[in-house]
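Trainee: Before I ask anything, let me first share the structure, which is written out below as structure tokens.
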Amino acid sequence: MQTKNKGWIKKLAMVAALAAAQNASAQMLDEPIKPLPAKLDLDARKVALGKQLFHDKRLSKDNSLSCASCHEISKGGVDGQQFATGIKGQVGPINTPTVLNSGLNFRQFWNGRAATLEEQAAGPVHNPGEMGSNWQEVLGKLGQDAAFVAQFKAVYPDGVQPRHIQEAIATFERSLITPGRFDRYLLGDSRAIDEDEKQGYQLFKNYGCVACHQGMGVGGNMYQTFGVLGNYFKDKGKVTEADLGRYAVTKNEADRHVFKVPSLRNVELTAPYFHDGSAKTLDEAIDVMFRYQLGRSAPAADKALIVKFLKTLTGEKGMQ
Amino acid sequence: MKTLLRLVVFAVLAAGLWLLYRETLGVDPAQREQVASILNELRQIDAQWDVHVLRSKTGLDKNYDPLTRPQTAALQLLETWTGKLAAVDYRLSDSETQLKEALFAKIDLVDRFKAQNAVLRNSLRFVPLAAEDLKAKAREAGEATPAKRAEMAALIESVDQVLIDTLKLETARDAELNSNLRRRVGKLVERRGSDYPKALGESFDTFLNHVATISAQKEREEELLEQLGRVPLAERIEAVDRGFMSAFERMLGKRENYRLMMFAYAGFLLALMAFLLGRGSRPEPLAA
């Protein structure tokens with residue numbers, strides 16, 4: 001009798017679970033922006049090792065900088081400066097892009113010159129204006145640390161090698177996804193964002209911001225010319241090498257001032273904005289976007305609502 | 001001395017057997033399955049790309065993730081692929097290079113298509129609103145004098161014509177329609193009065209900026225779709241498939257020949273051993 005009851009309970013529980021799952025999927029919104037995945041299939045040991053390497057200053061020539069020096073996880077994965085600062089206080093030519101959710105980007109760096117996070121991880125290590133080192137030096141320093149080598153070998157049995165360092169750092173960076181209130185809204189929790197924020201989202205779509213800032217990353221999946229409907233660089237005046245965008249990679253005239261569209265996730269935390277860090281606030285950035293990308297204007301009240309919506313993209317987790 | 005000679009002969013015979021055995025291992029049948037599976041995935045990626053380009057063009061896809069995912073998958077496949085073909089036959093490295101070139105060409109064109117499509121769809125969406133705004137401002141300006149009213153009525157009529165032609169472009173694939181639109185835009189620009197009130201002037205410029213963008217982006221779209229259609233990715237996949245399979249068959253045939261040779265050689269060695277053993281165990285004839 002007891003066994004029979006248990007069978008019924010199991011069946012009922014299954015039906016309830018199925019109904020709940022069906023309900024949840026029915027409520028999930030079909031929007032141009034997609035929610036972040038609930039779970040990532042990553043090797044936890046590589047994530048832990050990558051995290052350690054990400055914070056390891058031995059990756060820089062004078063042991064003064066780690067990846068985290070410019071990409072501070074708790075501060076939105078950026079340094080908050082207009083331009084990145086390298087060893088010996090060298091000021092770089094470009095704004096630091098956030099490392100948060102960078103695993104969703106279709107390419108890395110503003111001009112998309114790295115196809116993968118692994119490739120990207122090697123860039124700053126070798127850049128004389130950033131960490132100014134090379135693998136030989138890094139391996140030499142890490143190799144002297146017996147405890148680290150043993151720890152490394154537990155994950156990569158063939159020992160400390162550049163490709164493993166790159167893979168571990170990239171795996172850690174892939175783990176940095178930051179689901180927030182807007183993801184909950186997309187998954188069907190209509191109370192996750194308030195009415196103003198919903199209106200802001202509607203305006204974000206109506207004004208056409210969503211044409212480029214869409215998908216799971218709310219950007220990061222395409223290139224776009226900076227100054228589609230207005231000449232941003234003519235108005236800016238002095239054009240730098242960094243302003244050339246993708247042209248610096250391809251030397252194709254059509255790629256002049258073309259950049260990877262940045263992700264808007266955590267945009268509230270990643271000021272200043274654009275590759276040149278020229279917009280200090282979200283309001284300024286939105287004004288520039290309206291003028292040069294959308295070729296239209298909007299009332300201040302609409303822009304304020306869009307800012308409210310953008311703040312719902314700040315992660316609730318993943319920034320520890 | 002005799003023992004050393006025997007040892008050398010034995011070593012040479014054993015090395016011959018080992019060499020023949022090694023040649024029979026030259027090809028791994030699982031490799032064929034791996035390459036076939038990679039090629040099938042590439043075919044799927046290529047097909048998905050084409051579908052999602054069309055879906056994005058028509059606005060059915062609401063974001064570009066479906067166009068971006070195949071790109072990442074294709075690049076990952078290339079990583080696993082490197083060296084597999086040349087290991088079977090060095091002549092395949094040319095086909096591999098051509099396939100990679102086609103793949104990179106498609107990735108590049110899809111990237112350009114996404115950027116173009118986003119701008120086009122945005123302006124197409126906004127241009128009716130821009131026209132309404134311009135007409136409202138023109139009506140306001142027309143209230144000044146009867147002469148102004150006539151001028152603004154003509155402007156409103158032109159704006160409507162330009163708007164209709166612009167929206168027609170969305171569905172039509174017609175170069176003539178686009179050149180007609182450009183003529184109309186040219187006339188509209190000529191009509192622009194230098195004495196327009198600021199708000200009317202700004203609205204006029206905004207409307208024309210978007211119409212010009214649509215016209216240029218539509219032309220770009222046609223070019224990109226044509227270029228995408230010309231990328232011989234599917235042909236290159238088939239060429240690699242044919243080349244690899246025939247090279248693989250050749251290698252299998254060669255392996256079979258070596259296998260037969262190895263058996264024959266092993267048989268010969270066994271016979272030799274039997275002969276030598278037989279000779280060694282034969283009783284010495286009694287001394288007379």
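Ligands are numbered from 1 in the order shown, residues from 1 within each chain, and chains are lettered A, B, ... in the order they appear in the structure tokens.
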Quick one: residues within 12 Å of range 267-273 of chain B, only C-alpha atoms, excluding same-chain residues fewer than 4 positions away - as a count of residues only?

Mentor: 16

Trainee: Among range 124-288 of chain A, which residues carry a DSSP assignment of alpha helix (DSSP H), reported as an MDAnalysis selection string?

Mentor: chainID A and resid 124:126 135:143 146:155 162:174 181:186 195:206 232:236 247:250 282:288

Trainee: List every residue of chain B that has an atom at most 9 Å from any atom of chain A, and for each one report the closest atom pair and its distance in Å to one decimal, counting only C-alpha atoms, with rows sorted by chain and then by increasing residue number, as JSON lines.

Mentor:
```
{"residue": "B:Asp61", "atom": "CA", "partner": "A:Pro32", "partner_atom": "CA", "distance": 8.2}
{"residue": "B:Lys62", "atom": "CA", "partner": "A:Pro32", "partner_atom": "CA", "distance": 4.7}
{"residue": "B:Asn63", "atom": "CA", "partner": "A:Pro32", "partner_atom": "CA", "distance": 5.2}
{"residue": "B:Tyr64", "atom": "CA", "partner": "A:Gly215", "partner_atom": "CA", "distance": 6.4}
{"residue": "B:Asp65", "atom": "CA", "partner": "A:Gly215", "partner_atom": "CA", "distance": 5.6}
{"residue": "B:Pro66", "atom": "CA", "partner": "A:Gly215", "partner_atom": "CA", "distance": 8.9}
{"residue": "B:Leu67", "atom": "CA", "partner": "A:Asn221", "partner_atom": "CA", "distance": 8.8}
{"residue": "B:Thr68", "atom": "CA", "partner": "A:Asn221", "partner_atom": "CA", "distance": 6.3}
{"residue": "B:Arg69", "atom": "CA", "partner": "A:Phe106", "partner_atom": "CA", "distance": 8.2}
{"residue": "B:Gln71", "atom": "CA", "partner": "A:Phe106", "partner_atom": "CA", "distance": 8.3}
{"residue": "B:Thr72", "atom": "CA", "partner": "A:Phe106", "partner_atom": "CA", "distance": 7.1}
{"residue": "B:Leu75", "atom": "CA", "partner": "A:Ala115", "partner_atom": "CA", "distance": 8.5}
{"residue": "B:Asp111", "atom": "CA", "partner": "A:Met222", "partner_atom": "CA", "distance": 6.4}
{"residue": "B:Arg112", "atom": "CA", "partner": "A:Tyr223", "partner_atom": "CA", "distance": 7.6}
{"residue": "B:Lys114", "atom": "CA", "partner": "A:Met222", "partner_atom": "CA", "distance": 6.5}
{"residue": "B:Ala115", "atom": "CA", "partner": "A:Gln224", "partner_atom": "CA", "distance": 5.2}
{"residue": "B:Gln116", "atom": "CA", "partner": "A:Gln224", "partner_atom": "CA", "distance": 8.2}
{"residue": "B:Asn117", "atom": "CA", "partner": "A:Ala211", "partner_atom": "CA", "distance": 8.7}
{"residue": "B:Ala118", "atom": "CA", "partner": "A:Ala211", "partner_atom": "CA", "distance": 5.2}
{"residue": "B:Val119", "atom": "CA", "partner": "A:Ala211", "partner_atom": "CA", "distance": 7.4}
{"residue": "B:Arg121", "atom": "CA", "partner": "A:Ala211", "partner_atom": "CA", "distance": 7.6}
{"residue": "B:Asn122", "atom": "CA", "partner": "A:Gly208", "partner_atom": "CA", "distance": 5.6}
{"residue": "B:Ser123", "atom": "CA", "partner": "A:Leu294", "partner_atom": "CA", "distance": 8.0}
{"residue": "B:Arg125", "atom": "CA", "partner": "A:Gly208", "partner_atom": "CA", "distance": 8.1}
{"residue": "B:Phe126", "atom": "CA", "partner": "A:Tyr207", "partner_atom": "CA", "distance": 7.8}
{"residue": "B:Ala130", "atom": "CA", "partner": "A:Arg296", "partner_atom": "CA", "distance": 8.7}
{"residue": "B:Thr206", "atom": "CA", "partner": "A:Arg296", "partner_atom": "CA", "distance": 6.7}
{"residue": "B:Asn209", "atom": "CA", "partner": "A:Leu229", "partner_atom": "CA", "distance": 7.1}
{"residue": "B:His210", "atom": "CA", "partner": "A:Gly295", "partner_atom": "CA", "distance": 7.6}
{"residue": "B:Thr213", "atom": "CA", "partner": "A:Leu229", "partner_atom": "CA", "distance": 7.7}
```

Trainee: Pick out the residues sitting within 6 Å of range 74-79 of chain A, and hand them over as a PDB file with N, CA and C atoms, in the first residue's frame; count only C-alpha atoms, and ignore anything fewer than 5 positions along from it in its own chain.

Mentor:
```
ATOM      1  N   THR A  98      35.167  46.009 -20.852  1.00  0.00           N
ATOM      2  CA  THR A  98      34.907  45.147 -19.688  1.00  0.00           C
ATOM      3  C   THR A  98      35.207  43.689 -20.004  1.00  0.00           C
ATOM      4  N   VAL A  99      35.670  42.994 -18.972  1.00  0.00           N
ATOM      5  CA  VAL A  99      35.955  41.566 -19.119  1.00  0.00           C
ATOM      6  C   VAL A  99      34.692  40.753 -18.783  1.00  0.00           C
ATOM      7  N   LEU A 100      33.734  41.408 -18.114  1.00  0.00           N
ATOM      8  CA  LEU A 100      32.508  40.688 -17.750  1.00  0.00           C
ATOM      9  C   LEU A 100      31.727  40.329 -19.008  1.00  0.00           C
ATOM     10  N   LEU A 269      28.133  50.420 -14.822  1.00  0.00           N
ATOM     11  CA  LEU A 269      29.401  50.404 -14.072  1.00  0.00           C
ATOM     12  C   LEU A 269      30.629  50.666 -14.925  1.00  0.00           C
ATOM     13  N   THR A 270      30.454  50.757 -16.242  1.00  0.00           N
ATOM     14  CA  THR A 270      31.645  50.733 -17.097  1.00  0.00           C
ATOM     15  C   THR A 270      32.028  52.094 -17.705  1.00  0.00           C
ATOM     16  N   MET A 319      30.025  39.046  -9.907  1.00  0.00           N
ATOM     17  CA  MET A 319      31.027  40.113  -9.808  1.00  0.00           C
ATOM     18  C   MET A 319      31.827  40.020  -8.509  1.00  0.00           C
ATOM     19  N   GLN A 320      31.973  38.775  -8.028  1.00  0.00           N
ATOM     20  CA  GLN A 320      32.736  38.613  -6.784  1.00  0.00           C
ATOM     21  C   GLN A 320      34.214  38.428  -7.152  1.00  0.00           C
TER      22      GLN A 320
END
```

Trainee: Considering only C-alpha atoms, return as an mmCIF file with C-alpha atoms, in the first residue's frame whatever protein or nucleic-acid residues lie within 12 Å of range 137-141 of chain A, sequence-local ones (same chain, fewer than 4 positions apart) excluded.

Mentor:
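New file result_16.cif:
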```cif
data_model
loop_
_atom_site.group_PDB
_atom_site.id
_atom_site.type_symbol
_atom_site.label_atom_id
_atom_site.label_comp_id
_atom_site.auth_asym_id
_atom_site.auth_seq_id
_atom_site.Cartn_x
_atom_site.Cartn_y
_atom_site.Cartn_z
ATOM 1 C CA LEU A 53 46.566 33.831 -13.116
ATOM 2 C CA ASP A 56 48.949 37.331 -10.897
ATOM 3 C CA LYS A 57 51.240 40.344 -11.311
ATOM 4 C CA ARG A 58 54.117 38.148 -12.485
ATOM 5 C CA LEU A 59 52.508 38.325 -15.929
ATOM 6 C CA SER A 60 53.862 41.866 -16.257
ATOM 7 C CA LYS A 61 57.508 42.735 -16.794
ATOM 8 C CA ASP A 62 58.006 44.603 -13.515
ATOM 9 C CA ASN A 63 55.498 42.578 -11.478
ATOM 10 C CA SER A 66 47.894 41.809 -13.409
ATOM 11 C CA ALA A 122 48.327 36.858 -24.927
ATOM 12 C CA VAL A 125 51.171 40.365 -21.814
ATOM 13 C CA HIS A 126 53.276 41.172 -24.890
ATOM 14 C CA MET A 131 52.301 44.417 -19.335
ATOM 15 C CA GLY A 132 55.426 44.642 -21.504
ATOM 16 C CA SER A 133 56.528 41.067 -20.961
ATOM 17 C CA ASP A 145 57.340 28.926 -7.772
ATOM 18 C CA ALA A 146 57.291 25.212 -6.952
ATOM 19 C CA PHE A 148 52.357 27.084 -8.309
ATOM 20 C CA VAL A 149 53.971 24.623 -10.733
ATOM 21 C CA PHE A 152 49.384 23.963 -12.460
ATOM 22 C CA GLY A 159 53.287 21.678 -17.083
ATOM 23 C CA VAL A 160 53.284 25.462 -17.330
ATOM 24 C CA GLN A 161 53.010 26.410 -20.992
ATOM 25 C CA PRO A 162 51.786 29.604 -22.667
ATOM 26 C CA ARG A 163 48.834 27.910 -24.359
ATOM 27 C CA HIS A 164 47.689 26.496 -21.007
ATOM 28 C CA ILE A 165 48.031 29.891 -19.321
#
```

Trainee: Would you pick out the contacts of range 174-182 of chain A at 8 Å or less, using only C-alpha atoms, so that residues sharing its chain but fewer than 2 positions from it are not included, and give the list as a list of chain:residue names?

Mentor: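 Contacts, with the query itself left out: A:Pro35, A:Leu36, A:Leu40, A:Leu42, A:Val47, A:Val99, A:Leu100, A:Asn101, A:Ser102, A:Gly103, A:Leu104, A:Ala170, A:Thr171, A:Phe172, A:Arg184, A:Tyr185, A:Leu186, A:Ala192, A:Ile193, A:Arg265, A:Thr312, A:Leu313, A:Thr314, A:Gly315, A:Glu316, A:Lys317, A:Gly318, A:Met319.
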
Trainee: For Val240 in chain B, which residue among B:Ala47, B:Leu85, B:Ala11, B:Val162 is the nearest when counting only C-alpha atoms?

Mentor: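 Going through B:Ala47, B:Leu85, B:Ala11, B:Val162 one by one, the smallest distance to Val240 in chain B is for B:Leu85.
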
Trainee: What gap, in Å, lies between CA of Phe204 in chain A and CA of Val307 in chain A?

Mentor: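 These two atoms are separated by 9.3 Å.
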
Trainee: Would you pick out the contacts of Arg91 in chain B at 12 Å or less, using only C-alpha atoms, so that residues sharing its chain but fewer than 5 positions from it are not included, and give the list as a PyMOL selection string?

Mentor: chain B and resi 83+85-86+96-97+240+243-244+246-247

Trainee: In Å, rounded to a single decimal, give me how far CA of Glu41 in chain B is from CA of Phe248 in chain B.

Mentor: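 Atom-to-atom, CA of Phe248 in chain B to CA of Glu41 in chain B, that is 19.6 Å.
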
Trainee: Mind checking which residues fall within 10 Å of range 276-281 of chain A, counting only C-alpha atoms, ignoring those fewer than 5 positions away in the same chain, and posting them as a PyMOL selection string?

Mentor: chain A and resi 80-84+93-97+236+240+242-243+268+270-271+286-288

Trainee: Can you write out the residues you just picked, keeping N, CA and C atoms, as a CSV table (one decimal), in the first residue's frame?

Mentor:
```csv
chain,number,residue,atom,x,y,z
A,80,GLY,N,37.8,52.2,-14.9
A,80,GLY,CA,37.1,53.4,-14.7
A,80,GLY,C,37.9,54.6,-15.3
A,81,GLN,N,39.0,54.4,-16.0
A,81,GLN,CA,39.8,55.5,-16.6
A,81,GLN,C,39.4,55.7,-18.0
A,82,GLN,N,39.7,56.8,-18.6
A,82,GLN,CA,39.5,57.1,-20.0
A,82,GLN,C,40.3,56.1,-20.8
A,83,PHE,N,41.6,56.0,-20.5
A,83,PHE,CA,42.5,55.1,-21.2
A,83,PHE,C,43.2,54.1,-20.2
A,84,ALA,N,43.5,53.0,-20.7
A,84,ALA,CA,44.2,52.0,-19.9
A,84,ALA,C,45.6,52.5,-19.5
A,93,PRO,N,46.3,53.9,-25.6
A,93,PRO,CA,45.5,54.7,-26.6
A,93,PRO,C,44.0,54.5,-26.5
A,94,ILE,N,43.6,53.6,-25.7
A,94,ILE,CA,42.2,53.1,-25.9
A,94,ILE,C,41.6,52.8,-24.5
A,95,ASN,N,40.2,52.9,-24.4
A,95,ASN,CA,39.5,52.6,-23.2
A,95,ASN,C,39.5,51.1,-23.0
A,96,THR,N,39.6,50.7,-21.7
A,96,THR,CA,39.5,49.3,-21.3
A,96,THR,C,38.1,48.7,-21.5
A,97,PRO,N,38.0,47.8,-22.3
A,97,PRO,CA,36.6,47.1,-22.4
A,97,PRO,C,36.4,46.2,-21.2
A,236,LYS,N,34.8,65.4,-33.7
A,236,LYS,CA,35.7,65.2,-32.6
A,236,LYS,C,37.1,65.9,-32.8
A,240,THR,N,42.9,59.7,-33.8
A,240,THR,CA,44.1,58.9,-33.4
A,240,THR,C,44.1,57.6,-34.1
A,242,ALA,N,43.9,54.7,-32.7
A,242,ALA,CA,42.8,53.9,-32.1
A,242,ALA,C,41.4,54.2,-32.7
A,243,ASP,N,41.3,55.4,-33.3
A,243,ASP,CA,40.0,55.8,-33.9
A,243,ASP,C,39.8,55.1,-35.2
A,268,GLU,N,26.1,50.4,-16.6
A,268,GLU,CA,26.0,51.4,-15.5
A,268,GLU,C,27.3,51.5,-14.8
A,270,THR,N,30.5,50.8,-16.2
A,270,THR,CA,31.6,50.7,-17.1
A,270,THR,C,32.0,52.1,-17.7
A,271,ALA,N,31.6,53.2,-17.1
A,271,ALA,CA,32.0,54.5,-17.5
A,271,ALA,C,33.5,54.7,-17.4
A,286,ILE,N,24.4,58.3,-24.4
A,286,ILE,CA,23.1,58.2,-25.1
A,286,ILE,C,22.9,59.3,-26.1
A,287,ASP,N,23.3,60.5,-25.7
A,287,ASP,CA,23.2,61.7,-26.6
A,287,ASP,C,24.0,61.5,-27.9
A,288,VAL,N,25.3,61.0,-27.7
A,288,VAL,CA,26.2,60.7,-28.8
A,288,VAL,C,25.5,59.6,-29.7
```

Trainee: Grab the CA of Leu203 in chain A to CA of Lys303 in chain A distance for me, in Å with one decimal place.

Mentor: 8.4 Å

Trainee: Quick one: of A:Asp283, A:Leu264, A:Val155, A:Phe309, who's nearest to Ala44 in chain A, counting only C-alpha atoms?

Mentor: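 Using only C-alpha atoms, Ala44 in chain A sits closest to A:Val155.
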